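**Q** Take this structure first; my questions come after.
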Amino acid sequence: MSNTAQSPASRRIEGLLDGNSFVEIGGQVTARSTDFNMQQSKCPSDGVVTGYGLIDGNLVYVYSQDASVLNGTLGEMHAKKIVRLYQMACKMGAPIIGLIDCAGVRLQEGVDALNAFGEIYTQQTLASGVVPQITAVFGHCGGGLAIVPGLSDFTFMEEKDAKLFVNAPNAIAGNNTQKCDSASAAFQAEEVGSVDAVADEAGILAQIRALVSMLPGNNEEEGCYSDCADDLNRVCAELQGVEYSAAYILSTIADGKSFYETKAAYAKDMVTGFIHLNGMTVGAVANGEQEMSARGAQKAAEFVEFCDAFNIPVLTITNVKGFKASLCTERNIGKAAAKLTYAFANATVPKVNVIAGEAYGSAYVVMNSKGIGADLVYAWSDAKVGMMDASLAAKVMYADADAATQQEKAAEYAALQDSVDAAAARGYVDTVIEAQDTRKYVIGAFEMLFTKREDRPAKKHGTV
């Protein structure tokens with residue numbers, strides 16, 4: 001370790017990694033600028049501690065900004081250390097974790113510091129989809145530095161002191177921190193959706209350790225696996241007749257009943273996260289509410305794209321009646337639903353869908369239905385699949401009929417068009433199952449799909 005061993009930056013690294021596993025790189029690097037008497041300022045490690053270590057025995061690369069050195073400002077050599085770390089992480093195929101506490105760009109270094117930002121962005125772009133990128137904000141992360149967590153796969157924020165912003169709240173016309181602290185962890189997690197979890201420092205470090213243990217090191221690994229002590233054929237009797245809850249279903253069927261949720265505070269109509277099934281990490285997407293919002297669709301699309309990039313199979317739990325009807329939603333829902341459709345249809349990893357409630361209309365179609373490429377679709381025996389609720393369909397088709405006729409036609413429509421048996425008869429549902437058997441069926445499905453290979457048309461990339 002360098003002479004920054006007692007700094008908050010190094011303390012965070014020690015709290016994150018396995019004991020005595022951290023090896024520092026570039027501990028003697030210092031700023032080379034001499035403008036504005038910079039040579040008189042002591043810059044140990046140029047304000048950022050960089051190196052590698054282990055999390056549960058897995059190699060990771062870490063940089064941690066030191067606010068005690070020039071307020072953690074980012075300059076030329078500071079950035080070069082981070083860039084070099086990214087290059088090493090990509091070569092070795094290991095996740096990279098950034099611990100942010102920075103007052104912004106170093107003004108004394110001018111265009112050198114600005115160019116340094118660009119070099120970091122470039123390395124993040126090259127690393128995207130190659131190695132997992134995780135960022136945690138403990139202090140300020142403003143201006144150009146706010147792009148760094150935006151380019152990351154997962155972001156965490158300390159609940160009290162962390163600030164994440166492009167424009168500071170007081171710099172926004174008609175706003176101030178008392179009116180709306182748009183830089184706060186709560187705002188970024190609940191309103192912006194850029195943050196996966198908010199906690200104190202110890203809690204964030206613990207959550208990052210748990211997340212790393214569920215992720216592959218790079219995009220060439222065939223998923224991520226751990227030992228499974230749970231019964232593969234465990235009957236989940238508690239799911240029979242239970243009121244629908246996405247998180248409850250996922251935690252119930254998971255190994256050890258453990259569900260790692262991402263972006264839990266944002267767009268609660270959609271639930272995303274990771275579970276283990278027979279020791280294999282599976283990405284889970286589920287409807288949290290029966291109406292899908294634009295935010296929820298975007299949240300799910302980004303999650304599915306991450307899973308596909310890192311060979312993580314995807315499980316969906318479907319219970320959706322349609323899209324939210326509001327002016328705010330209407331501004332974005334078309335594009336957001338298209339992105340979700342594209343993410344599922346474009347993903348080549350194993351994809352399994354369980355219809356655990358009602359599945360109606362185009363909102364059902366975009367939720368990993370058979371039509372957009374689900375490999376296997378299961379449905380609980382009491383599920384409903386169709387164009388819309390039978391009573392509503394009868395009112396539309398028989399608008400001029402009396403109530404008795406509409407009720408009769410609703411029953412007929414439910415039997416012919418809204419029943420899970422009708423969907424299964426047409427091949428849109430592969431197997432009708434009891435809720436209590438969900439765990440063993442999805443484990444069996446992913447085991448069967450383990451060797452899945454799928455060719456796609458040659459192209460540079462899609463444009464959705």
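The way I read the labels, and the way they are meant: chains A, B, ... in the order of the structure tokens, residue 1 as the first residue of every chain, and ligand 1 as the first ligand shown, with later ones counted on from there.
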Please return, as a PyMOL selection string, all residues of range 294-425 of chain A that DSSP assigns to helix (DSSP H, G or I) on the basis of the backbone.

**A** chain A and resi 294-309+327-330+333-346+361-365+370-372+390-397+403-418+420-425

**Q** Go ahead and write the residues just picked, C-alpha atoms, as a PDB file, in the first residue's frame.

**A**
ATOM      1  CA  ALA A 294     -42.400   3.665 -19.896  1.00  0.00           C
ATOM      2  CA  ARG A 295     -39.889   3.780 -17.061  1.00  0.00           C
ATOM      3  CA  GLY A 296     -40.529   0.143 -16.227  1.00  0.00           C
ATOM      4  CA  ALA A 297     -40.085  -0.949 -19.838  1.00  0.00           C
ATOM      5  CA  GLN A 298     -36.818   0.985 -20.149  1.00  0.00           C
ATOM      6  CA  LYS A 299     -35.547  -0.428 -16.852  1.00  0.00           C
ATOM      7  CA  ALA A 300     -36.272  -3.985 -17.960  1.00  0.00           C
ATOM      8  CA  ALA A 301     -34.775  -3.460 -21.427  1.00  0.00           C
ATOM      9  CA  GLU A 302     -31.453  -2.274 -20.037  1.00  0.00           C
ATOM     10  CA  PHE A 303     -31.344  -5.203 -17.623  1.00  0.00           C
ATOM     11  CA  VAL A 304     -32.056  -7.775 -20.352  1.00  0.00           C
ATOM     12  CA  GLU A 305     -29.336  -6.261 -22.548  1.00  0.00           C
ATOM     13  CA  PHE A 306     -26.830  -6.615 -19.711  1.00  0.00           C
ATOM     14  CA  CYS A 307     -27.787 -10.254 -19.168  1.00  0.00           C
ATOM     15  CA  ASP A 308     -27.495 -11.034 -22.863  1.00  0.00           C
ATOM     16  CA  ALA A 309     -24.060  -9.389 -23.072  1.00  0.00           C
ATOM     17  CA  LEU A 327     -50.195  11.797 -20.629  1.00  0.00           C
ATOM     18  CA  CYS A 328     -46.781  11.394 -19.006  1.00  0.00           C
ATOM     19  CA  THR A 329     -46.572   7.722 -19.969  1.00  0.00           C
ATOM     20  CA  GLU A 330     -47.871   8.346 -23.483  1.00  0.00           C
ATOM     21  CA  ILE A 333     -44.263   4.370 -23.771  1.00  0.00           C
ATOM     22  CA  GLY A 334     -44.120   3.628 -27.511  1.00  0.00           C
ATOM     23  CA  LYS A 335     -40.348   3.957 -27.688  1.00  0.00           C
ATOM     24  CA  ALA A 336     -39.771   2.324 -24.313  1.00  0.00           C
ATOM     25  CA  ALA A 337     -41.955  -0.678 -25.158  1.00  0.00           C
ATOM     26  CA  ALA A 338     -40.111  -0.979 -28.466  1.00  0.00           C
ATOM     27  CA  LYS A 339     -36.791  -1.061 -26.615  1.00  0.00           C
ATOM     28  CA  LEU A 340     -38.075  -3.809 -24.324  1.00  0.00           C
ATOM     29  CA  THR A 341     -39.365  -5.778 -27.302  1.00  0.00           C
ATOM     30  CA  TYR A 342     -36.024  -5.374 -29.047  1.00  0.00           C
ATOM     31  CA  ALA A 343     -34.071  -6.415 -25.953  1.00  0.00           C
ATOM     32  CA  PHE A 344     -35.990  -9.674 -25.569  1.00  0.00           C
ATOM     33  CA  ALA A 345     -36.152 -10.470 -29.290  1.00  0.00           C
ATOM     34  CA  ASN A 346     -32.473  -9.642 -29.790  1.00  0.00           C
ATOM     35  CA  GLY A 361     -52.669  -7.580 -25.145  1.00  0.00           C
ATOM     36  CA  SER A 362     -49.454  -6.184 -26.554  1.00  0.00           C
ATOM     37  CA  ALA A 363     -48.085  -5.594 -23.043  1.00  0.00           C
ATOM     38  CA  TYR A 364     -48.043  -9.381 -22.648  1.00  0.00           C
ATOM     39  CA  VAL A 365     -46.407  -9.807 -26.043  1.00  0.00           C
ATOM     40  CA  LYS A 370     -43.349 -16.929 -27.484  1.00  0.00           C
ATOM     41  CA  GLY A 371     -43.935 -14.498 -30.350  1.00  0.00           C
ATOM     42  CA  ILE A 372     -40.735 -12.535 -29.654  1.00  0.00           C
ATOM     43  CA  ALA A 390     -63.311 -11.069 -21.150  1.00  0.00           C
ATOM     44  CA  SER A 391     -65.891  -8.676 -19.662  1.00  0.00           C
ATOM     45  CA  LEU A 392     -64.280  -5.715 -21.394  1.00  0.00           C
ATOM     46  CA  ALA A 393     -64.059  -7.606 -24.675  1.00  0.00           C
ATOM     47  CA  ALA A 394     -67.773  -8.449 -24.495  1.00  0.00           C
ATOM     48  CA  LYS A 395     -68.667  -4.808 -23.900  1.00  0.00           C
ATOM     49  CA  VAL A 396     -66.645  -3.805 -26.959  1.00  0.00           C
ATOM     50  CA  MET A 397     -68.010  -6.541 -29.260  1.00  0.00           C
ATOM     51  CA  ALA A 403     -76.227  -6.795 -19.515  1.00  0.00           C
ATOM     52  CA  ALA A 404     -77.321 -10.432 -19.550  1.00  0.00           C
ATOM     53  CA  THR A 405     -76.108 -10.906 -23.125  1.00  0.00           C
ATOM     54  CA  GLN A 406     -72.812  -9.205 -22.386  1.00  0.00           C
ATOM     55  CA  GLN A 407     -72.314 -11.451 -19.371  1.00  0.00           C
ATOM     56  CA  GLU A 408     -73.055 -14.547 -21.452  1.00  0.00           C
ATOM     57  CA  LYS A 409     -70.664 -13.464 -24.199  1.00  0.00           C
ATOM     58  CA  ALA A 410     -67.993 -12.619 -21.631  1.00  0.00           C
ATOM     59  CA  ALA A 411     -68.119 -16.176 -20.326  1.00  0.00           C
ATOM     60  CA  GLU A 412     -67.916 -17.495 -23.868  1.00  0.00           C
ATOM     61  CA  TYR A 413     -64.961 -15.214 -24.685  1.00  0.00           C
ATOM     62  CA  ALA A 414     -63.150 -16.254 -21.505  1.00  0.00           C
ATOM     63  CA  ALA A 415     -63.458 -19.924 -22.429  1.00  0.00           C
ATOM     64  CA  LEU A 416     -62.461 -19.491 -26.063  1.00  0.00           C
ATOM     65  CA  GLN A 417     -59.895 -16.676 -25.982  1.00  0.00           C
ATOM     66  CA  ASP A 418     -58.740 -15.839 -22.430  1.00  0.00           C
ATOM     67  CA  VAL A 420     -54.579 -20.696 -20.551  1.00  0.00           C
ATOM     68  CA  ASP A 421     -55.801 -23.910 -22.191  1.00  0.00           C
ATOM     69  CA  ALA A 422     -56.664 -22.030 -25.370  1.00  0.00           C
ATOM     70  CA  ALA A 423     -53.170 -20.492 -25.484  1.00  0.00           C
ATOM     71  CA  ALA A 424     -51.603 -23.908 -24.856  1.00  0.00           C
ATOM     72  CA  ALA A 425     -53.717 -25.478 -27.611  1.00  0.00           C
TER      73      ALA A 425
END

**Q** Near Ala383 in chain A, counting only C-alpha atoms, which residues have an atom at most 7 Å away, once you skip same-chain residues fewer than 3 positions from it, shown as an NGL selection string?

**A** :A and (355-358 or 379-380 or 420)

**Q** Using only C-alpha atoms, please write the residues we just selected to a file, as a short mmCIF file (atom, residue, chain, number, x, y, z; two decimals), in the first residue's frame.

**A**
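Final file, again31.cif:
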data_model
loop_
_atom_site.label_atom_id
_atom_site.label_comp_id
_atom_site.auth_asym_id
_atom_site.auth_seq_id
_atom_site.Cartn_x
_atom_site.Cartn_y
_atom_site.Cartn_z
CA ILE A 355 -47.23 -16.54 -16.81
CA ALA A 356 -48.24 -16.25 -13.17
CA GLY A 357 -51.38 -14.16 -13.47
CA GLU A 358 -53.05 -12.29 -16.29
CA ALA A 379 -48.31 -20.80 -17.30
CA TRP A 380 -49.89 -21.41 -13.93
CA VAL A 420 -54.58 -20.70 -20.55
#

**Q** Which residue gives the smallest distance to Ala146 in chain A among A:Ile172, A:Met92, A:Ile100, A:Val349, with only C-alpha atoms counted?

**A**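 Nearest candidate to Ala146 in chain A out of A:Ile172, A:Met92, A:Ile100, A:Val349: A:Ile100.
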
**Q** How far is it from CA of Phe446 in chain A to CA of Val242 in chain A, in Å with one decimal?

**A**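 Straight-line distance from CA of Phe446 in chain A to CA of Val242 in chain A works out to 25.0 Å.
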
**Q** Asp231 in chain A: which residues within 10 Å, counting only C-alpha atoms, same-chain residues fewer than 5 positions away excluded, as a list in words?

**A**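 Counting only C-alpha atoms, the residues come to Asp255, Gly256, Asn278, Arg439 and Lys440 of chain A.
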
**Q** Would you save the residues of that selection, restricted to C-alpha atoms, as a PDB file, in the first residue's frame?

**A**
ATOM      1  CA  ASP A 255     -31.786 -21.247  -4.298  1.00  0.00           C
ATOM      2  CA  GLY A 256     -31.772 -20.419  -0.611  1.00  0.00           C
ATOM      3  CA  ASN A 278     -29.254 -24.893  -9.241  1.00  0.00           C
ATOM      4  CA  ARG A 439     -38.965 -24.026  -9.254  1.00  0.00           C
ATOM      5  CA  LYS A 440     -38.388 -27.501 -10.637  1.00  0.00           C
TER       6      LYS A 440
END
